[in-house]
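Engineer: data-v3.txt is reproduced in full below (compact mmCIF, N, CA and C atoms and all ligand atoms).
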```
# COMPACT_ATOMS: atom_id res chain seq x y z
N MET T 69 -35.94 17.85 37.37
CA MET T 69 -37.39 17.89 37.24
C MET T 69 -37.98 18.74 38.37
N ALA T 70 -39.09 19.32 38.07
CA ALA T 70 -39.72 20.19 39.07
C ALA T 70 -41.22 20.20 38.85
N LEU T 71 -41.91 20.35 39.93
CA LEU T 71 -43.37 20.54 39.82
C LEU T 71 -43.65 21.93 39.28
N ARG T 72 -44.64 22.02 38.41
CA ARG T 72 -45.07 23.34 37.92
C ARG T 72 -46.42 23.66 38.53
N THR T 73 -46.73 24.94 38.60
CA THR T 73 -47.98 25.38 39.20
C THR T 73 -49.13 25.23 38.22
N ILE T 74 -50.16 24.52 38.64
CA ILE T 74 -51.33 24.33 37.77
C ILE T 74 -52.21 25.58 37.81
N ARG T 75 -52.59 26.03 36.63
CA ARG T 75 -53.46 27.21 36.51
C ARG T 75 -54.92 26.77 36.60
N PHE T 76 -55.71 27.61 37.23
CA PHE T 76 -57.13 27.30 37.40
C PHE T 76 -58.00 28.07 36.42
N LYS T 77 -59.26 27.69 36.38
CA LYS T 77 -60.10 28.07 35.25
C LYS T 77 -60.27 29.56 35.03
N GLU T 78 -60.08 30.36 36.07
CA GLU T 78 -60.21 31.81 35.88
C GLU T 78 -59.00 32.40 35.16
N ASP T 79 -57.92 31.63 35.05
CA ASP T 79 -56.69 32.16 34.47
C ASP T 79 -56.85 32.33 32.96
N PRO T 80 -56.65 33.56 32.44
CA PRO T 80 -56.89 33.79 31.00
C PRO T 80 -55.99 32.97 30.09
N ILE T 81 -54.86 32.48 30.59
CA ILE T 81 -53.97 31.70 29.72
C ILE T 81 -54.65 30.41 29.24
N LEU T 82 -55.60 29.92 30.02
CA LEU T 82 -56.31 28.69 29.64
C LEU T 82 -57.24 28.90 28.45
N ARG T 83 -57.48 30.16 28.10
CA ARG T 83 -58.39 30.49 26.99
C ARG T 83 -57.64 30.87 25.72
N LYS T 84 -56.31 30.77 25.76
CA LYS T 84 -55.52 31.16 24.59
C LYS T 84 -55.12 29.94 23.77
N GLU T 85 -54.84 30.20 22.50
CA GLU T 85 -54.39 29.13 21.61
C GLU T 85 -52.89 28.93 21.79
N ALA T 86 -52.49 27.67 21.95
CA ALA T 86 -51.07 27.36 22.12
C ALA T 86 -50.38 27.31 20.76
N ARG T 87 -49.08 27.59 20.76
CA ARG T 87 -48.29 27.61 19.52
C ARG T 87 -47.60 26.27 19.29
N ARG T 88 -47.40 25.97 18.00
CA ARG T 88 -46.68 24.74 17.64
C ARG T 88 -45.28 24.73 18.21
N VAL T 89 -44.78 23.53 18.45
CA VAL T 89 -43.38 23.34 18.84
C VAL T 89 -42.58 23.05 17.58
N ASP T 90 -41.52 23.80 17.36
CA ASP T 90 -40.64 23.55 16.21
C ASP T 90 -39.27 23.06 16.63
N GLY T 91 -38.82 23.49 17.78
CA GLY T 91 -37.49 23.09 18.24
C GLY T 91 -37.59 22.01 19.31
N PHE T 92 -37.04 20.85 19.00
CA PHE T 92 -37.11 19.73 19.96
C PHE T 92 -35.82 19.73 20.78
N ASN T 93 -35.78 20.69 21.69
CA ASN T 93 -34.54 20.95 22.42
C ASN T 93 -34.69 20.57 23.90
N ASP T 94 -33.66 20.88 24.67
CA ASP T 94 -33.67 20.53 26.09
C ASP T 94 -34.78 21.24 26.85
N ARG T 95 -35.15 22.40 26.36
CA ARG T 95 -36.19 23.15 27.05
C ARG T 95 -37.54 22.43 26.96
N ILE T 96 -37.81 21.86 25.79
CA ILE T 96 -39.06 21.11 25.61
C ILE T 96 -39.00 19.82 26.43
N LYS T 97 -37.83 19.16 26.43
CA LYS T 97 -37.70 17.93 27.23
C LYS T 97 -37.93 18.21 28.71
N GLU T 98 -37.41 19.34 29.18
CA GLU T 98 -37.59 19.69 30.58
C GLU T 98 -39.07 19.99 30.87
N LEU T 99 -39.71 20.69 29.94
CA LEU T 99 -41.15 20.97 30.09
C LEU T 99 -41.93 19.67 30.21
N VAL T 100 -41.64 18.72 29.30
CA VAL T 100 -42.36 17.44 29.30
C VAL T 100 -42.14 16.69 30.61
N GLU T 101 -40.89 16.63 31.06
CA GLU T 101 -40.60 15.94 32.33
C GLU T 101 -41.35 16.59 33.49
N ASP T 102 -41.35 17.89 33.51
CA ASP T 102 -42.05 18.61 34.58
C ASP T 102 -43.56 18.38 34.52
N MET T 103 -44.09 18.34 33.28
CA MET T 103 -45.54 18.11 33.12
C MET T 103 -45.93 16.72 33.62
N ILE T 104 -45.11 15.71 33.30
CA ILE T 104 -45.42 14.35 33.76
C ILE T 104 -45.38 14.30 35.29
N GLU T 105 -44.35 14.90 35.87
CA GLU T 105 -44.24 14.91 37.32
C GLU T 105 -45.44 15.64 37.96
N THR T 106 -45.81 16.74 37.35
CA THR T 106 -46.93 17.54 37.88
C THR T 106 -48.25 16.78 37.75
N MET T 107 -48.43 16.08 36.63
CA MET T 107 -49.64 15.28 36.42
C MET T 107 -49.75 14.18 37.48
N TYR T 108 -48.66 13.47 37.73
CA TYR T 108 -48.69 12.39 38.72
C TYR T 108 -48.90 12.95 40.13
N ASP T 109 -48.24 14.05 40.42
CA ASP T 109 -48.37 14.65 41.75
C ASP T 109 -49.82 15.04 42.03
N ALA T 110 -50.52 15.50 40.98
CA ALA T 110 -51.91 15.94 41.13
C ALA T 110 -52.90 14.80 40.91
N GLU T 111 -52.36 13.59 40.63
CA GLU T 111 -53.18 12.42 40.38
C GLU T 111 -54.15 12.62 39.22
N GLY T 112 -53.65 13.25 38.16
CA GLY T 112 -54.44 13.44 36.95
C GLY T 112 -54.12 12.37 35.93
N VAL T 113 -54.97 12.27 34.90
CA VAL T 113 -54.72 11.32 33.81
C VAL T 113 -54.23 12.03 32.55
N GLY T 114 -54.13 13.35 32.63
CA GLY T 114 -53.64 14.11 31.50
C GLY T 114 -53.33 15.53 31.91
N LEU T 115 -52.46 16.16 31.13
CA LEU T 115 -52.12 17.56 31.40
C LEU T 115 -51.67 18.19 30.09
N ALA T 116 -52.09 19.43 29.86
CA ALA T 116 -51.69 20.17 28.67
C ALA T 116 -50.82 21.35 29.11
N ALA T 117 -49.86 21.71 28.27
CA ALA T 117 -48.90 22.75 28.65
C ALA T 117 -49.55 24.07 29.11
N PRO T 118 -50.64 24.52 28.47
CA PRO T 118 -51.25 25.77 28.96
C PRO T 118 -51.68 25.69 30.43
N GLN T 119 -51.95 24.47 30.90
CA GLN T 119 -52.36 24.31 32.30
C GLN T 119 -51.23 24.61 33.28
N VAL T 120 -49.99 24.59 32.78
CA VAL T 120 -48.87 25.02 33.62
C VAL T 120 -48.29 26.34 33.09
N GLY T 121 -49.11 27.07 32.34
CA GLY T 121 -48.75 28.43 31.94
C GLY T 121 -47.84 28.53 30.73
N VAL T 122 -47.74 27.44 29.95
CA VAL T 122 -46.86 27.44 28.78
C VAL T 122 -47.71 27.27 27.52
N LEU T 123 -47.72 28.27 26.65
CA LEU T 123 -48.60 28.21 25.47
C LEU T 123 -47.91 27.50 24.31
N ARG T 124 -47.67 26.21 24.53
CA ARG T 124 -47.07 25.36 23.51
C ARG T 124 -47.94 24.13 23.33
N ARG T 125 -47.92 23.55 22.11
CA ARG T 125 -48.80 22.42 21.81
C ARG T 125 -48.16 21.11 22.28
N VAL T 126 -48.23 20.90 23.59
CA VAL T 126 -47.66 19.73 24.25
C VAL T 126 -48.69 19.19 25.23
N ILE T 127 -48.95 17.86 25.14
CA ILE T 127 -49.82 17.24 26.14
C ILE T 127 -49.17 15.95 26.64
N VAL T 128 -49.51 15.59 27.86
CA VAL T 128 -49.12 14.28 28.39
C VAL T 128 -50.39 13.60 28.90
N VAL T 129 -50.42 12.27 28.70
CA VAL T 129 -51.60 11.48 29.08
C VAL T 129 -51.11 10.18 29.70
N ASP T 130 -51.74 9.76 30.77
CA ASP T 130 -51.50 8.41 31.31
C ASP T 130 -52.81 7.90 31.88
N ILE T 131 -53.43 6.97 31.14
CA ILE T 131 -54.69 6.41 31.63
C ILE T 131 -54.44 5.09 32.37
N GLY T 132 -53.18 4.85 32.74
CA GLY T 132 -52.87 3.66 33.51
C GLY T 132 -51.88 2.73 32.83
N ASP T 133 -51.49 3.10 31.59
CA ASP T 133 -50.57 2.26 30.82
C ASP T 133 -49.21 2.92 30.63
N GLY T 134 -48.93 3.91 31.46
CA GLY T 134 -47.67 4.63 31.31
C GLY T 134 -47.87 5.94 30.57
N PRO T 135 -46.93 6.86 30.71
CA PRO T 135 -47.11 8.19 30.13
C PRO T 135 -46.93 8.20 28.61
N ILE T 136 -47.77 8.95 27.94
CA ILE T 136 -47.64 9.21 26.51
C ILE T 136 -47.44 10.72 26.35
N VAL T 137 -46.43 11.08 25.58
CA VAL T 137 -46.12 12.49 25.32
C VAL T 137 -46.48 12.80 23.88
N LEU T 138 -47.34 13.77 23.67
CA LEU T 138 -47.76 14.12 22.31
C LEU T 138 -47.47 15.60 22.08
N ILE T 139 -46.65 15.86 21.06
CA ILE T 139 -46.29 17.22 20.70
C ILE T 139 -46.93 17.54 19.35
N ASN T 140 -47.53 18.71 19.26
CA ASN T 140 -48.28 19.13 18.07
C ASN T 140 -49.35 18.11 17.67
N PRO T 141 -50.15 17.61 18.61
CA PRO T 141 -51.14 16.58 18.28
C PRO T 141 -52.28 17.14 17.43
N VAL T 142 -52.74 16.31 16.48
CA VAL T 142 -53.87 16.67 15.62
C VAL T 142 -54.76 15.44 15.48
N ILE T 143 -56.06 15.61 15.68
CA ILE T 143 -57.00 14.51 15.45
C ILE T 143 -57.20 14.39 13.95
N ILE T 144 -56.78 13.25 13.37
CA ILE T 144 -56.90 13.10 11.92
C ILE T 144 -58.12 12.28 11.53
N SER T 145 -58.68 11.51 12.47
CA SER T 145 -59.97 10.89 12.19
C SER T 145 -60.67 10.58 13.50
N GLN T 146 -61.98 10.53 13.42
CA GLN T 146 -62.76 10.21 14.61
C GLN T 146 -64.08 9.60 14.17
N ASP T 147 -64.62 8.71 15.02
CA ASP T 147 -65.95 8.19 14.75
C ASP T 147 -66.62 7.75 16.03
N GLY T 148 -67.93 7.59 15.95
CA GLY T 148 -68.72 7.19 17.10
C GLY T 148 -68.87 8.32 18.09
N GLN T 149 -69.61 8.04 19.14
CA GLN T 149 -69.71 9.03 20.21
C GLN T 149 -69.93 8.33 21.54
N GLN T 150 -69.55 9.01 22.59
CA GLN T 150 -69.71 8.51 23.95
C GLN T 150 -70.02 9.71 24.85
N ILE T 151 -70.87 9.46 25.84
CA ILE T 151 -71.14 10.48 26.85
C ILE T 151 -70.68 9.92 28.19
N GLY T 152 -69.82 10.65 28.86
CA GLY T 152 -69.32 10.15 30.13
C GLY T 152 -68.76 11.27 30.98
N PRO T 153 -68.52 10.97 32.27
CA PRO T 153 -68.06 11.99 33.19
C PRO T 153 -66.62 12.40 32.92
N GLU T 154 -66.35 13.66 33.16
CA GLU T 154 -65.03 14.21 32.93
C GLU T 154 -64.70 15.21 34.03
N GLY T 155 -63.43 15.31 34.33
CA GLY T 155 -62.95 16.32 35.26
C GLY T 155 -61.69 16.92 34.70
N CYS T 156 -61.11 17.87 35.43
CA CYS T 156 -59.93 18.57 34.93
C CYS T 156 -59.16 19.14 36.11
N LEU T 157 -57.84 19.00 36.07
CA LEU T 157 -57.02 19.52 37.17
C LEU T 157 -57.15 21.04 37.31
N SER T 158 -57.56 21.71 36.22
CA SER T 158 -57.74 23.17 36.28
C SER T 158 -59.12 23.58 36.75
N VAL T 159 -60.01 22.59 36.91
CA VAL T 159 -61.38 22.87 37.35
C VAL T 159 -61.71 21.91 38.50
N PRO T 160 -61.03 22.08 39.64
CA PRO T 160 -61.20 21.08 40.71
C PRO T 160 -62.62 21.01 41.23
N GLY T 161 -63.04 19.80 41.57
CA GLY T 161 -64.34 19.62 42.21
C GLY T 161 -65.51 19.52 41.25
N VAL T 162 -65.24 19.62 39.95
CA VAL T 162 -66.33 19.53 38.97
C VAL T 162 -66.16 18.25 38.18
N ASN T 163 -67.25 17.49 38.06
CA ASN T 163 -67.24 16.24 37.33
C ASN T 163 -68.57 16.17 36.60
N GLU T 164 -68.55 16.37 35.29
CA GLU T 164 -69.80 16.45 34.53
C GLU T 164 -69.66 15.68 33.23
N LYS T 165 -70.83 15.34 32.68
CA LYS T 165 -70.83 14.53 31.46
C LYS T 165 -70.54 15.38 30.22
N VAL T 166 -69.70 14.80 29.37
CA VAL T 166 -69.30 15.46 28.13
C VAL T 166 -69.38 14.43 27.00
N MET T 167 -69.82 14.88 25.81
CA MET T 167 -69.85 13.99 24.65
C MET T 167 -68.52 14.07 23.91
N ARG T 168 -67.98 12.90 23.59
CA ARG T 168 -66.71 12.82 22.86
C ARG T 168 -66.82 11.75 21.79
N PRO T 169 -65.93 11.76 20.81
CA PRO T 169 -65.89 10.63 19.88
C PRO T 169 -65.51 9.34 20.62
N LEU T 170 -65.98 8.22 20.10
CA LEU T 170 -65.65 6.92 20.72
C LEU T 170 -64.24 6.47 20.33
N ASN T 171 -63.86 6.81 19.11
CA ASN T 171 -62.55 6.42 18.58
C ASN T 171 -61.90 7.62 17.90
N VAL T 172 -60.62 7.77 18.12
CA VAL T 172 -59.88 8.81 17.41
C VAL T 172 -58.53 8.25 16.95
N ILE T 173 -58.02 8.86 15.91
CA ILE T 173 -56.62 8.66 15.55
C ILE T 173 -55.96 10.04 15.61
N VAL T 174 -54.89 10.11 16.35
CA VAL T 174 -54.18 11.37 16.55
C VAL T 174 -52.77 11.24 16.00
N LYS T 175 -52.40 12.16 15.15
CA LYS T 175 -50.99 12.20 14.74
C LYS T 175 -50.29 13.25 15.59
N TYR T 176 -49.02 13.01 15.84
CA TYR T 176 -48.27 13.90 16.73
C TYR T 176 -46.79 13.69 16.49
N GLN T 177 -45.99 14.46 17.17
CA GLN T 177 -44.55 14.23 17.17
C GLN T 177 -44.11 13.81 18.56
N ASP T 178 -43.14 12.90 18.62
CA ASP T 178 -42.62 12.51 19.93
C ASP T 178 -41.56 13.52 20.38
N ILE T 179 -40.95 13.22 21.52
CA ILE T 179 -40.03 14.18 22.13
C ILE T 179 -38.79 14.43 21.27
N GLU T 180 -38.52 13.50 20.33
CA GLU T 180 -37.40 13.69 19.40
C GLU T 180 -37.83 14.40 18.12
N GLY T 181 -39.13 14.65 18.00
CA GLY T 181 -39.63 15.30 16.79
C GLY T 181 -40.09 14.33 15.72
N LYS T 182 -40.05 13.03 16.03
CA LYS T 182 -40.44 12.01 15.05
C LYS T 182 -41.97 11.95 14.94
N GLU T 183 -42.45 11.84 13.69
CA GLU T 183 -43.89 11.76 13.44
C GLU T 183 -44.43 10.40 13.86
N ARG T 184 -45.52 10.43 14.61
CA ARG T 184 -46.14 9.19 15.08
C ARG T 184 -47.65 9.36 15.03
N SER T 185 -48.36 8.23 15.24
CA SER T 185 -49.80 8.34 15.42
C SER T 185 -50.24 7.33 16.46
N ILE T 186 -51.38 7.60 17.05
CA ILE T 186 -51.92 6.72 18.09
C ILE T 186 -53.42 6.60 17.88
N LYS T 187 -53.91 5.38 18.08
CA LYS T 187 -55.36 5.15 18.08
C LYS T 187 -55.83 5.20 19.52
N GLY T 188 -56.90 5.95 19.76
CA GLY T 188 -57.48 5.98 21.10
C GLY T 188 -58.92 5.56 21.04
N ASN T 189 -59.28 4.60 21.90
CA ASN T 189 -60.66 4.17 22.00
C ASN T 189 -61.18 4.50 23.40
N GLU T 190 -62.48 4.75 23.48
CA GLU T 190 -63.16 4.92 24.77
C GLU T 190 -62.44 5.95 25.65
N PHE T 191 -61.90 5.51 26.80
CA PHE T 191 -61.37 6.50 27.75
C PHE T 191 -60.14 7.23 27.20
N LEU T 192 -59.31 6.50 26.45
CA LEU T 192 -58.14 7.19 25.86
C LEU T 192 -58.58 8.23 24.84
N ALA T 193 -59.61 7.92 24.06
CA ALA T 193 -60.14 8.90 23.10
C ALA T 193 -60.62 10.14 23.85
N ARG T 194 -61.32 9.90 24.95
CA ARG T 194 -61.82 11.02 25.76
C ARG T 194 -60.67 11.88 26.29
N ALA T 195 -59.66 11.20 26.83
CA ALA T 195 -58.52 11.94 27.41
C ALA T 195 -57.78 12.74 26.33
N LEU T 196 -57.56 12.13 25.18
CA LEU T 196 -56.85 12.84 24.11
C LEU T 196 -57.64 14.06 23.65
N CYS T 197 -58.94 13.90 23.46
CA CYS T 197 -59.77 15.03 23.02
C CYS T 197 -59.77 16.15 24.06
N HIS T 198 -59.88 15.77 25.33
CA HIS T 198 -59.88 16.76 26.42
C HIS T 198 -58.59 17.58 26.41
N GLU T 199 -57.47 16.87 26.29
CA GLU T 199 -56.18 17.57 26.36
C GLU T 199 -55.93 18.42 25.11
N ILE T 200 -56.32 17.89 23.94
CA ILE T 200 -56.13 18.68 22.72
C ILE T 200 -57.00 19.93 22.76
N ASP T 201 -58.19 19.83 23.33
CA ASP T 201 -59.03 21.02 23.51
C ASP T 201 -58.29 22.11 24.28
N HIS T 202 -57.54 21.71 25.30
CA HIS T 202 -56.78 22.72 26.08
C HIS T 202 -55.86 23.54 25.20
N LEU T 203 -55.32 22.93 24.14
CA LEU T 203 -54.38 23.64 23.27
C LEU T 203 -55.07 24.71 22.44
N ASN T 204 -56.41 24.60 22.39
CA ASN T 204 -57.21 25.57 21.64
C ASN T 204 -58.05 26.46 22.56
N GLY T 205 -57.69 26.48 23.82
CA GLY T 205 -58.38 27.37 24.77
C GLY T 205 -59.75 26.89 25.19
N ILE T 206 -60.02 25.59 25.00
CA ILE T 206 -61.34 25.04 25.31
C ILE T 206 -61.26 24.20 26.57
N LEU T 207 -62.21 24.41 27.49
CA LEU T 207 -62.30 23.60 28.71
C LEU T 207 -63.53 22.70 28.64
N PHE T 208 -63.48 21.57 29.35
CA PHE T 208 -64.59 20.62 29.26
C PHE T 208 -65.90 21.23 29.77
N ILE T 209 -65.78 22.22 30.65
CA ILE T 209 -67.01 22.85 31.18
C ILE T 209 -67.76 23.62 30.08
N ASP T 210 -67.10 23.88 28.97
CA ASP T 210 -67.79 24.50 27.82
C ASP T 210 -68.71 23.50 27.13
N LYS T 211 -68.50 22.21 27.39
CA LYS T 211 -69.15 21.15 26.61
C LYS T 211 -70.03 20.24 27.44
N ILE T 212 -70.36 20.66 28.65
CA ILE T 212 -71.16 19.80 29.53
C ILE T 212 -72.51 19.51 28.87
N VAL T 213 -72.86 18.22 28.88
CA VAL T 213 -74.16 17.78 28.33
C VAL T 213 -75.21 18.01 29.40
N LYS T 214 -76.16 18.86 29.08
CA LYS T 214 -77.23 19.14 30.04
C LYS T 214 -78.14 17.92 30.16
N ARG T 215 -78.67 17.75 31.33
CA ARG T 215 -79.59 16.63 31.55
C ARG T 215 -80.79 16.79 30.60
N GLU T 216 -81.08 15.69 29.90
CA GLU T 216 -82.17 15.77 28.95
C GLU T 216 -83.52 15.60 29.62
N LYS T 217 -84.48 16.36 29.13
CA LYS T 217 -85.85 16.17 29.63
C LYS T 217 -86.46 14.95 28.97
N VAL T 218 -87.15 14.14 29.74
CA VAL T 218 -87.76 12.93 29.18
C VAL T 218 -89.23 13.21 28.90
CO CO B 301 -58.19 19.48 31.61
```
Do you think you could lay out the structure here as structure tokens?
Structural biologist:
Amino acid sequence: MALRTIRFKEDPILRKEARRVDGFNDRIKELVEDMIETMYDAEGVGLAAPQVGVLRRVIVVDIGDGPIVLINPVIISQDGQQIGPEGCLSVPGVNEKVMRPLNVIVKYQDIEGKERSIKGNEFLARALCHEIDHLNGILFIDKIVKREKV
């Protein structure tokens, strides 16, 4: 396992669309292990492969219940909405409010390539949406909710 270098917001790779993973081989396992280690080292709650310079549809999330690895994740349903603060390891020092669905169901493949799904509510829904956005070249700073005039 090794730490990977986190890319920051000016890096054009963060604006590119990541490609699907088709081969569930040792290279992907090594990427996932490195991403988890890098996420913990940086004290993040999630990390997407483009953030370490790899344009593959791989994310890792840990909101305090242990790491979840999602390969080729797709949001298959969502409902409700929540506005809350968000940050990103690629955008250090920025913490701003973003609107997200309150509940999501995400289908994905695990590290063996097996099809799975996960329900995310509240903070997990937020984290999953944030990380999946990274796979499509979207950063949370694109979605900051401006303070409303009263
Ligand atoms: Co992020």
Engineer: With only N, CA and C atoms as the atoms that count, which of T:Val128, T:Ile209, T:Leu170, T:Ile104 lies nearest to T:Glu154?
Structural biologist: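 Distance minimum relative to T:Glu154 lands on T:Ile209.
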Engineer: I'd like to know which of T:Met103, T:Ile186, T:Cys156, T:Ile81 is closest to ligand CO 301 (chain B), using only C-alpha atoms and all ligand atoms.
Structural biologist: T:Cys156
Engineer: Compare T:Val174, T:Gly114, T:Gly134, T:Ala70 by their minimum atom-to-atom distance to ligand CO 301 (chain B), counting all atoms listed in the file, and give me the closest one.
Structural biologist: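 Nearest to ligand CO 301 (chain B): T:Gly114.
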Engineer: How would you write, as a ChimeraX atom specification, the set of residues in chain T that DSSP gives as strand (DSSP E or B)?
Structural biologist: /T:87,114-116,124,126-129,136-147,150-154,164-168,171-177,183-189,212
Engineer: Grab me every residue within 8 Å of ligand CO 301 (chain B), counting only N, CA and C atoms and all ligand atoms, and send it over as a list in words.
Structural biologist: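 My answer, listing the contacting residues, is Gly114, Leu115, Ala116, Gln119, Gly155, Cys156, Leu157, Ser158, Val159, His198, Glu199, Asp201, His202, Ile206, Leu207 and Phe208 of chain T.
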Engineer: Let me see the file: selected residues, N, CA and C atoms, as a compact mmCIF listing (two decimals), in the frame of the given file.
Structural biologist:
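That gives us selection-v2.txt:
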```txt
# COMPACT_ATOMS: atom_id res chain seq x y z
N GLY T 114 -54.13 13.35 32.63
CA GLY T 114 -53.64 14.11 31.50
C GLY T 114 -53.33 15.53 31.91
N LEU T 115 -52.46 16.16 31.13
CA LEU T 115 -52.12 17.56 31.40
C LEU T 115 -51.67 18.19 30.09
N ALA T 116 -52.09 19.43 29.86
CA ALA T 116 -51.69 20.17 28.67
C ALA T 116 -50.82 21.35 29.11
N GLN T 119 -51.95 24.47 30.90
CA GLN T 119 -52.36 24.31 32.30
C GLN T 119 -51.23 24.61 33.28
N GLY T 155 -63.43 15.31 34.33
CA GLY T 155 -62.95 16.32 35.26
C GLY T 155 -61.69 16.92 34.70
N CYS T 156 -61.11 17.87 35.43
CA CYS T 156 -59.93 18.57 34.93
C CYS T 156 -59.16 19.14 36.11
N LEU T 157 -57.84 19.00 36.07
CA LEU T 157 -57.02 19.52 37.17
C LEU T 157 -57.15 21.04 37.31
N SER T 158 -57.56 21.71 36.22
CA SER T 158 -57.74 23.17 36.28
C SER T 158 -59.12 23.58 36.75
N VAL T 159 -60.01 22.59 36.91
CA VAL T 159 -61.38 22.87 37.35
C VAL T 159 -61.71 21.91 38.50
N HIS T 198 -59.88 15.77 25.33
CA HIS T 198 -59.88 16.76 26.42
C HIS T 198 -58.59 17.58 26.41
N GLU T 199 -57.47 16.87 26.29
CA GLU T 199 -56.18 17.57 26.36
C GLU T 199 -55.93 18.42 25.11
N ASP T 201 -58.19 19.83 23.33
CA ASP T 201 -59.03 21.02 23.51
C ASP T 201 -58.29 22.11 24.28
N HIS T 202 -57.54 21.71 25.30
CA HIS T 202 -56.78 22.72 26.08
C HIS T 202 -55.86 23.54 25.20
N ILE T 206 -60.02 25.59 25.00
CA ILE T 206 -61.34 25.04 25.31
C ILE T 206 -61.26 24.20 26.57
N LEU T 207 -62.21 24.41 27.49
CA LEU T 207 -62.30 23.60 28.71
C LEU T 207 -63.53 22.70 28.64
N PHE T 208 -63.48 21.57 29.35
CA PHE T 208 -64.59 20.62 29.26
C PHE T 208 -65.90 21.23 29.77
```
Engineer: Leaving out T:Lys175 and any residue of its chain fewer than 4 positions from it, which residues lie within 6 Å of it when counting only N, CA and C atoms, given as a VMD selection string?
Structural biologist: chain T and resid 140 to 144 184 to 186
Engineer: Quick one: of T:Pro135, T:Gly205, T:Gly112, T:Pro153, who's nearest to T:Glu85, counting only C-alpha atoms?
Structural biologist: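 Comparing T:Pro135, T:Gly205, T:Gly112, T:Pro153 against T:Glu85, the winner is T:Gly205.
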Engineer: Grab the atom C of T:Lys211 to atom C of T:Phe76 distance for me, in Å with one decimal place.
Structural biologist: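 Separation of atom C of T:Lys211 and atom C of T:Phe76: 16.9 Å.
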Engineer: T:Ile179: which residues within 8 Å, counting only N, CA and C atoms, same-chain residues fewer than 5 positions away excluded, as a list in words?
Structural biologist: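 Skipping anything fewer than 5 positions along the chain leaves Gly91, Phe92, Asn93, Ile96, Lys97, Val137, Leu138 and Ile139 of chain T.
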Engineer: Measure the distance from atom CA of T:Gly188 to atom CA of T:Val172 in Å and round it to one decimal.
Structural biologist: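 Calculated distance between atom CA of T:Gly188 and atom CA of T:Val172 is 5.2 Å.
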Engineer: Pick from T:Gly152, T:Gly181, T:Pro160, T:Pro169: nearest to T:Glu78, with only C-alpha atoms counted?
Structural biologist: T:Pro160
Engineer: For each of T:Val213, T:Ala110, T:Ile173, T:Ile136, take the minimum atom-to-atom distance to T:Ala193, counting all atoms listed in the file, then give the residue where this is smallest.
Structural biologist: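 Once distances to T:Ala193 are computed over all atoms listed in the file, the minimum belongs to T:Ile173.
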Engineer: Rounded to one decimal place, report the atom CA of T:Asp79-atom CA of T:Val113 distance in Å.
Structural biologist: 20.9 Å
Engineer: Taking the DSSP secondary structure from the backbone, can you list the residues of chain T that are helix (DSSP H, G or I), as a ChimeraX atom specification?
Structural biologist: /T:80-83,94-109,117-120,190-203,208-211
Engineer: Starting from 3 Å padding per side, set up an axis-aligned box that covers all listed atoms of stretch 176-181 of chain T and hand over centre and edge lengths in Å, one decimal, as AutoDock Vina command-line options.
Structural biologist:
```
--center_x -43.2 --center_y 13.9 --center_z 18.9 --size_x 17.6 --size_y 8.8 --size_z 12.4
```
Engineer: T:Arg88: which residues within 7 Å, counting all atoms listed in the file, same-chain residues fewer than 2 positions away excluded, as a list in words?
Structural biologist: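 Surrounding residues, per the criterion: Ala86, Asp90, Gly91, Leu123, Arg124, Arg125 and Asn140 of chain T.
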Engineer: Using only N, CA and C atoms, please write the residues we just selected to a file, as an mmCIF file, in the frame of the given file.
Structural biologist:
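New file part-v5.cif:
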```cif
data_model
loop_
_atom_site.group_PDB
_atom_site.id
_atom_site.type_symbol
_atom_site.label_atom_id
_atom_site.label_comp_id
_atom_site.auth_asym_id
_atom_site.auth_seq_id
_atom_site.Cartn_x
_atom_site.Cartn_y
_atom_site.Cartn_z
ATOM 1 N N ALA T 86 -52.490 27.670 21.950
ATOM 2 C CA ALA T 86 -51.070 27.360 22.120
ATOM 3 C C ALA T 86 -50.380 27.310 20.760
ATOM 4 N N ASP T 90 -41.520 23.800 17.360
ATOM 5 C CA ASP T 90 -40.640 23.550 16.210
ATOM 6 C C ASP T 90 -39.270 23.060 16.630
ATOM 7 N N GLY T 91 -38.820 23.490 17.780
ATOM 8 C CA GLY T 91 -37.490 23.090 18.240
ATOM 9 C C GLY T 91 -37.590 22.010 19.310
ATOM 10 N N LEU T 123 -47.720 28.270 26.650
ATOM 11 C CA LEU T 123 -48.600 28.210 25.470
ATOM 12 C C LEU T 123 -47.910 27.500 24.310
ATOM 13 N N ARG T 124 -47.670 26.210 24.530
ATOM 14 C CA ARG T 124 -47.070 25.360 23.510
ATOM 15 C C ARG T 124 -47.940 24.130 23.330
ATOM 16 N N ARG T 125 -47.920 23.550 22.110
ATOM 17 C CA ARG T 125 -48.800 22.420 21.810
ATOM 18 C C ARG T 125 -48.160 21.110 22.280
ATOM 19 N N ASN T 140 -47.530 18.710 19.260
ATOM 20 C CA ASN T 140 -48.280 19.130 18.070
ATOM 21 C C ASN T 140 -49.350 18.110 17.670
#
```
Engineer: Quick one: residues within 6.5 Å of T:Val120, only N, CA and C atoms, excluding same-chain residues fewer than 2 positions away - as a list in words?
Structural biologist: Arg72, Thr73, Ile74, Arg75, Ala116, Ala117, Pro118 and Val122 of chain T
